[in-house]
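Participant: Before I ask anything, let me first share the structure, which is written out below as structure tokens.
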Amino acid sequence: MSITSDEVNFLVYRYLQESGFSHSAFTFGIESHISQSNINGTLVPPAALISILQKGLQYVEAEISINEDGTVFDGRPIESLSLIDAVMPDVVHTRQQAFRDKLTQQQKANSSGNPTASPATPQPHVTKNGETTLNGEENGTYTLNNHVEAMEVDGEVQIPASNATVLRGHESEVFICAWNPVTDLLASGSGDSTARIWNLNENSNSGSTQLVLRHCIREGGQDVPSNKDVTSLDWNSEGTLLATGSYDGFARIWTKDGNLSSTLGQHKGPIFALKWNKKGNSILSAGVDKTTIIWDAYTGEAKQQFPFHSAPALDVDWQNNTTFASCSTDMCIHVCRLGSERPLKTFQGHTNEVNAIKWDPSGMLLASCSDDMTLKIWSMKQDLCVHNLQAHNKEIYTIKWSPTGTGSNNPNANILLASASFDSTVRLWDVERGVCIHTLTKHQEPVYSVAFSPDGKFLASGSFDKCVHIWDTLSGALVKSYRGTGGIFEVCWNSVGDKVGASASDGSVCVLDLRK
């Protein structure tokens, strides 16, 4: 058996990507020359590093329970080994000695006719494919915790399999998905260097068909696959065009029929985010090259590049058709306008990377979330934040405003802000009062995505625990739940509000029909 540094580096790189640390993955990939290795990433399954570590951990546990004569001790460790314990020889030796002492004690008890009572514990065994498994499970999900409890959700809220359509075709993890704002076309973007458009319209003759949007680059006069992740995608407001951003540094515009319309090339490195303005004449992008760019959607030309950040730009959001905000790993937020040579406003106050920013429907308040575990609310009328919201105890990955209140289609309903964190919780905030009104706690792994239904009455959340939960925003109650086959990176509602799309780490895209 041989292990190369290229293999280890690739697995670490993929783990960073799958864990949501996209900019850290990029930096590590550059320094370790991932692109120069001959590893075909599309053949490596999701969670490969965790899987191999878990198998190693199980092997060490099994090894501890083997006696000097080669027999297997009838029992399991009182405490499961942690990953760190397993690489410490003294700990392993102590556990092994404890096993043997217990075996001796048990043998003495048995020989005296008074067997020691011990619970029947499933033994390590070898499956048909030669893999050692524990607890009688084959081909299970590997995690760093051996004792993963099944999620407890009331039976009546579980979405039955008959109401879930699983779309397969992607050959790698699917990081993003977005519904067309006019019709039931679902776009998805993946690590297999493709985006796909799935037709979920009920009048579609051939069921859920897919269009494959291959992201290629010119090499030697030919178009070849970029082999880079599709990191972002967004539909224009009319639903006629789809914009995608990629790790290859290019943004692209596609027709809803899957034809490439324009390739936008001026970033020097991966694109992390891109958004259409409401008017549909401009696209905004953010890149690892520390810049943001406004593009002319008709010509594909860059209208203006904004070089104000001192580190990679992570997210962007339009305030109106010409003004936008951007955030970065430099902990700063800039508000810029097309034609202006300086930021209109710079907000400072976060003490770690700012992961996401979102304007409320009125365009008056800007929300931001950070690795510093805080949410902040900003106003163009002042320099300091309006609210500094602290409750999460790990990084906050993303935020969403409800489509309610001033400037929305539901002006009479109160506006809410949702936050999703690596602490496995979702929080709903009353921003006017600056208080958390609901903490949603059913998830068991980091929550990567939240999305409000079009009427604001429900919130969907997706986590790496493979679950999509639907919550009542008024009461905070869990009303629907679905467990998929891979960790959930993104959730989104269709324009009518009767379907939720979810993209997953195992390459699947799931559509949940909530009408039944």
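How things are named: the first chain in the structure tokens is A, the next is B, and so on; residues count from 1 in each chain; ligands count from 1 in the order shown.
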Given only C-alpha atoms, how would the per-residue table for region 306-390 of chain A near region 399-423 of chain A read, listing every residue at most 7 Å away with its closest atom pair and distance in Å to one decimal, sorted by chain and number, as JSON lines?
Facilitator:
{"residue": "A:Ala356", "atom": "CA", "partner": "A:Ile399", "partner_atom": "CA", "distance": 6.8}
{"residue": "A:Lys358", "atom": "CA", "partner": "A:Lys400", "partner_atom": "CA", "distance": 6.8}
{"residue": "A:Asp360", "atom": "CA", "partner": "A:Trp401", "partner_atom": "CA", "distance": 6.0}
{"residue": "A:Pro361", "atom": "CA", "partner": "A:Gly407", "partner_atom": "CA", "distance": 5.0}
{"residue": "A:Ser362", "atom": "CA", "partner": "A:Gly407", "partner_atom": "CA", "distance": 4.4}
{"residue": "A:Cys369", "atom": "CA", "partner": "A:Ile399", "partner_atom": "CA", "distance": 6.9}
Participant: Contacts of Val509 (chain A) at 9 Å or less, counting only C-alpha atoms, minus same-chain residues fewer than 5 places along, as a ChimeraX atom specification?
Facilitator: /A:165-170,174,177,188,501-504
Participant: To one decimal in Å, tell me the separation between CA of Ser449 (chain A) and CA of Leu514 (chain A).
Facilitator: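 Taking CA of Ser449 (chain A) and CA of Leu514 (chain A), their separation equals 18.5 Å.
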Participant: Work out how far apart CA of Arg433 (chain A) and CA of Lys480 (chain A) are and give it in Å to one decimal.
Facilitator: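 One can read the CA of Arg433 (chain A) to CA of Lys480 (chain A) distance as 28.7 Å.
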Participant: Neighbours of Ser162 (chain A) within 12 Å (only C-alpha atoms; same-chain residues fewer than 3 positions away dropped), as a short mmCIF file (atom, residue, chain, number, x, y, z; two decimals) with N, CA, C and O atoms, in the first residue's frame?
Facilitator:
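The file below, selection_17.cif, is the result:
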data_model
loop_
_atom_site.label_atom_id
_atom_site.label_comp_id
_atom_site.auth_asym_id
_atom_site.auth_seq_id
_atom_site.Cartn_x
_atom_site.Cartn_y
_atom_site.Cartn_z
N GLN A 158 -42.84 13.93 8.31
CA GLN A 158 -41.92 13.40 7.31
C GLN A 158 -42.54 13.46 5.91
O GLN A 158 -43.66 13.02 5.71
N ILE A 159 -41.79 14.01 4.97
CA ILE A 159 -42.25 14.04 3.59
C ILE A 159 -42.02 12.66 2.98
O ILE A 159 -40.89 12.17 2.96
N THR A 165 -38.80 14.03 -5.72
CA THR A 165 -38.20 13.64 -7.00
C THR A 165 -36.69 13.84 -6.89
O THR A 165 -36.23 14.96 -6.65
N VAL A 166 -35.92 12.75 -7.02
CA VAL A 166 -34.46 12.83 -6.94
C VAL A 166 -33.90 12.86 -8.36
O VAL A 166 -34.11 11.94 -9.15
N TYR A 482 -37.51 16.17 5.40
CA TYR A 482 -37.11 15.16 4.43
C TYR A 482 -35.63 14.85 4.62
O TYR A 482 -34.81 15.76 4.79
N VAL A 511 -36.22 17.47 -5.42
CA VAL A 511 -37.35 18.39 -5.49
C VAL A 511 -38.47 17.84 -4.61
O VAL A 511 -38.94 16.72 -4.82
N LEU A 512 -38.88 18.63 -3.62
CA LEU A 512 -39.92 18.22 -2.69
C LEU A 512 -41.23 18.90 -3.06
O LEU A 512 -41.30 20.13 -3.16
N ASP A 513 -42.27 18.09 -3.29
CA ASP A 513 -43.59 18.61 -3.62
C ASP A 513 -44.37 18.76 -2.33
O ASP A 513 -44.68 17.77 -1.65
N LEU A 514 -44.70 20.00 -1.96
CA LEU A 514 -45.33 20.27 -0.67
C LEU A 514 -46.84 20.37 -0.76
O LEU A 514 -47.51 20.68 0.23
N ARG A 515 -47.41 20.08 -1.92
CA ARG A 515 -48.86 20.21 -2.09
C ARG A 515 -49.60 19.02 -1.51
O ARG A 515 -50.80 19.11 -1.24
N LYS A 516 -48.94 17.89 -1.36
CA LYS A 516 -49.63 16.66 -0.98
C LYS A 516 -49.50 16.41 0.51
O LYS A 516 -48.59 16.89 1.14
#
Participant: Give me, as a PyMOL selection string, all polymer residues having an atom no more than 6 Å from Glu173 (chain A), counting only C-alpha atoms and skipping those fewer than 5 positions away in the same chain.
Facilitator: chain A and resi 190-191+505-507
Participant: Counting only C-alpha atoms, which of A:Asn180, A:Cys510, A:Trp198, A:Pro270 gets nearest to Leu241 (chain A)?
Facilitator: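 Residue with the minimum atom-to-atom distance to Leu241 (chain A): A:Asn180.
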Participant: If you run DSSP on this backbone, which residues of region 172-358 of chain A come out as strand (DSSP E), and could you give them as a ChimeraX atom specification?
Facilitator: /A:174-179,185-190,194-199,210-214,216-219,222-225,230-235,241-246,251-255,260-264,271-276,282-287,292-296,302-306,313-318,323-328,332-337,345-348,354-358
Participant: Which residues come within 9 Å of Gly249 (chain A), counting only C-alpha atoms, excluding same-chain residues fewer than 2 positions away, as a PyMOL selection string?
Facilitator: chain A and resi 245-247+251+264-271+287-288
Participant: List as number ranges by chain the protein and nucleic acid residues near region 371-374 of chain A, meaning an atom at most 6 Å away when only C-alpha atoms are counted, but skip any in the same chain fewer than 6 places from it.
Facilitator: A: 351-353, 389-390, 392, 394-396
Participant: Rounded to one decimal in Å, what is the spacing between CA of Ser368 (chain A) and CA of Thr27 (chain A)?
Facilitator: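 A separation of 23.7 Å between them.
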Participant: If you count only C-alpha atoms, which residues fall within 12 Å of Asn40 (chain A), apart from same-chain ones fewer than 3 positions away, as a list in words?
Facilitator: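 Contacts, with the query itself left out: Asp6, Glu7, Phe10, Leu11, Ile34, Ser35, Gln36, Ser37, Leu43, Val44, Pro45, Glu171, Ser172, Gly191, Asp192, Asn227 and Lys228 of chain A.
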Participant: Please, could you write that set of residues out with all heavy atoms as a short mmCIF file (atom, residue, chain, number, x, y, z; two decimals), in the first residue's frame?
Facilitator:
data_model
loop_
_atom_site.label_atom_id
_atom_site.label_comp_id
_atom_site.auth_asym_id
_atom_site.auth_seq_id
_atom_site.Cartn_x
_atom_site.Cartn_y
_atom_site.Cartn_z
N ASP A 6 0.20 13.85 -3.20
CA ASP A 6 -0.84 14.38 -4.09
C ASP A 6 -2.22 13.88 -3.66
O ASP A 6 -3.20 14.63 -3.66
CB ASP A 6 -0.59 13.95 -5.54
CG ASP A 6 0.42 14.85 -6.23
OD1 ASP A 6 0.82 15.86 -5.62
OD2 ASP A 6 0.81 14.54 -7.38
N GLU A 7 -2.29 12.59 -3.28
CA GLU A 7 -3.57 12.00 -2.87
C GLU A 7 -4.07 12.63 -1.56
O GLU A 7 -5.24 12.97 -1.43
CB GLU A 7 -3.42 10.49 -2.72
CG GLU A 7 -3.20 9.76 -4.05
CD GLU A 7 -2.82 8.31 -3.86
OE1 GLU A 7 -2.28 7.96 -2.79
OE2 GLU A 7 -3.06 7.51 -4.78
N PHE A 10 -5.21 16.19 -2.21
CA PHE A 10 -6.49 16.28 -2.92
C PHE A 10 -7.66 16.02 -1.97
O PHE A 10 -8.67 16.71 -2.02
CB PHE A 10 -6.53 15.29 -4.09
CG PHE A 10 -7.80 15.41 -4.89
CD1 PHE A 10 -7.92 16.38 -5.87
CD2 PHE A 10 -8.89 14.58 -4.64
CE1 PHE A 10 -9.10 16.52 -6.60
CE2 PHE A 10 -10.07 14.71 -5.35
CZ PHE A 10 -10.16 15.68 -6.34
N LEU A 11 -7.51 15.02 -1.09
CA LEU A 11 -8.59 14.71 -0.15
C LEU A 11 -8.81 15.85 0.83
O LEU A 11 -9.95 16.18 1.18
CB LEU A 11 -8.29 13.41 0.59
CG LEU A 11 -8.33 12.13 -0.25
CD1 LEU A 11 -7.98 10.92 0.60
CD2 LEU A 11 -9.69 11.94 -0.90
N ILE A 34 -2.70 21.35 -6.73
CA ILE A 34 -3.74 20.37 -7.01
C ILE A 34 -3.99 20.23 -8.51
O ILE A 34 -4.16 19.13 -9.04
CB ILE A 34 -5.05 20.76 -6.30
CG1 ILE A 34 -4.91 20.59 -4.78
CG2 ILE A 34 -6.23 19.93 -6.81
CD1 ILE A 34 -4.74 19.19 -4.31
N SER A 35 -4.00 21.37 -9.22
CA SER A 35 -4.33 21.35 -10.64
C SER A 35 -3.31 20.58 -11.46
O SER A 35 -3.58 20.18 -12.59
CB SER A 35 -4.46 22.78 -11.17
OG SER A 35 -3.24 23.47 -11.02
N GLN A 36 -2.10 20.39 -10.91
CA GLN A 36 -1.05 19.69 -11.65
C GLN A 36 -1.03 18.19 -11.38
O GLN A 36 -0.26 17.45 -11.99
CB GLN A 36 0.32 20.30 -11.29
CG GLN A 36 0.44 21.77 -11.70
CD GLN A 36 1.75 22.39 -11.25
OE1 GLN A 36 2.72 21.68 -10.97
NE2 GLN A 36 1.78 23.71 -11.14
N SER A 37 -1.87 17.73 -10.46
CA SER A 37 -1.92 16.30 -10.18
C SER A 37 -2.75 15.60 -11.27
O SER A 37 -3.51 16.23 -11.99
CB SER A 37 -2.54 16.03 -8.80
OG SER A 37 -3.93 16.26 -8.85
N LEU A 43 -14.18 11.19 -10.11
CA LEU A 43 -14.29 9.79 -9.70
C LEU A 43 -14.20 9.62 -8.18
O LEU A 43 -14.46 8.54 -7.66
CB LEU A 43 -13.19 8.95 -10.37
CG LEU A 43 -13.18 8.96 -11.90
CD1 LEU A 43 -12.03 8.10 -12.43
CD2 LEU A 43 -14.50 8.44 -12.45
N VAL A 44 -13.81 10.70 -7.50
CA VAL A 44 -13.67 10.62 -6.04
C VAL A 44 -15.01 10.95 -5.39
O VAL A 44 -15.55 12.03 -5.61
CB VAL A 44 -12.58 11.60 -5.54
CG1 VAL A 44 -12.46 11.52 -4.02
CG2 VAL A 44 -11.24 11.27 -6.20
N PRO A 45 -15.58 10.05 -4.59
CA PRO A 45 -16.92 10.29 -4.01
C PRO A 45 -16.87 11.39 -2.97
O PRO A 45 -15.81 11.68 -2.39
CB PRO A 45 -17.27 8.94 -3.38
CG PRO A 45 -15.96 8.30 -3.07
CD PRO A 45 -15.03 8.74 -4.18
N GLU A 171 -21.95 14.51 -11.66
CA GLU A 171 -20.94 13.51 -11.32
C GLU A 171 -20.11 13.91 -10.11
O GLU A 171 -19.12 13.25 -9.78
CB GLU A 171 -20.02 13.29 -12.53
CG GLU A 171 -20.78 12.75 -13.74
CD GLU A 171 -19.92 12.73 -14.99
OE1 GLU A 171 -18.74 13.13 -14.91
OE2 GLU A 171 -20.42 12.31 -16.05
N SER A 172 -20.48 14.99 -9.45
CA SER A 172 -19.78 15.45 -8.26
C SER A 172 -20.77 16.22 -7.40
O SER A 172 -21.95 16.33 -7.75
CB SER A 172 -18.59 16.34 -8.65
OG SER A 172 -17.81 16.68 -7.52
N GLY A 191 -19.49 20.53 -8.83
CA GLY A 191 -18.04 20.36 -8.93
C GLY A 191 -17.62 19.59 -10.16
O GLY A 191 -16.41 19.44 -10.41
N ASP A 192 -18.58 19.11 -10.96
CA ASP A 192 -18.24 18.38 -12.19
C ASP A 192 -18.06 19.32 -13.38
O ASP A 192 -18.01 18.88 -14.52
CB ASP A 192 -19.28 17.29 -12.50
CG ASP A 192 -20.66 17.86 -12.81
OD1 ASP A 192 -20.81 19.10 -12.90
OD2 ASP A 192 -21.62 17.07 -12.94
N ASN A 227 -12.85 21.57 -15.81
CA ASN A 227 -12.61 20.76 -14.60
C ASN A 227 -12.60 21.61 -13.34
O ASN A 227 -11.90 21.31 -12.38
CB ASN A 227 -11.30 19.97 -14.72
CG ASN A 227 -11.37 18.90 -15.79
OD1 ASN A 227 -12.41 18.27 -15.97
ND2 ASN A 227 -10.29 18.71 -16.52
N LYS A 228 -13.36 22.69 -13.35
CA LYS A 228 -13.46 23.58 -12.20
C LYS A 228 -14.91 23.65 -11.72
O LYS A 228 -15.85 23.54 -12.52
CB LYS A 228 -12.97 24.99 -12.54
CG LYS A 228 -11.54 25.05 -13.07
CD LYS A 228 -10.54 24.75 -11.96
CE LYS A 228 -9.11 24.92 -12.47
NZ LYS A 228 -8.11 24.61 -11.43
#
Participant: Find the residue from A:Ala243, A:Ala47, A:Ile176, A:Ala164 that sits nearest to Phe489 (chain A); use only C-alpha atoms when measuring.
Facilitator: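 The answer is A:Ile176, which sits nearest to Phe489 (chain A).
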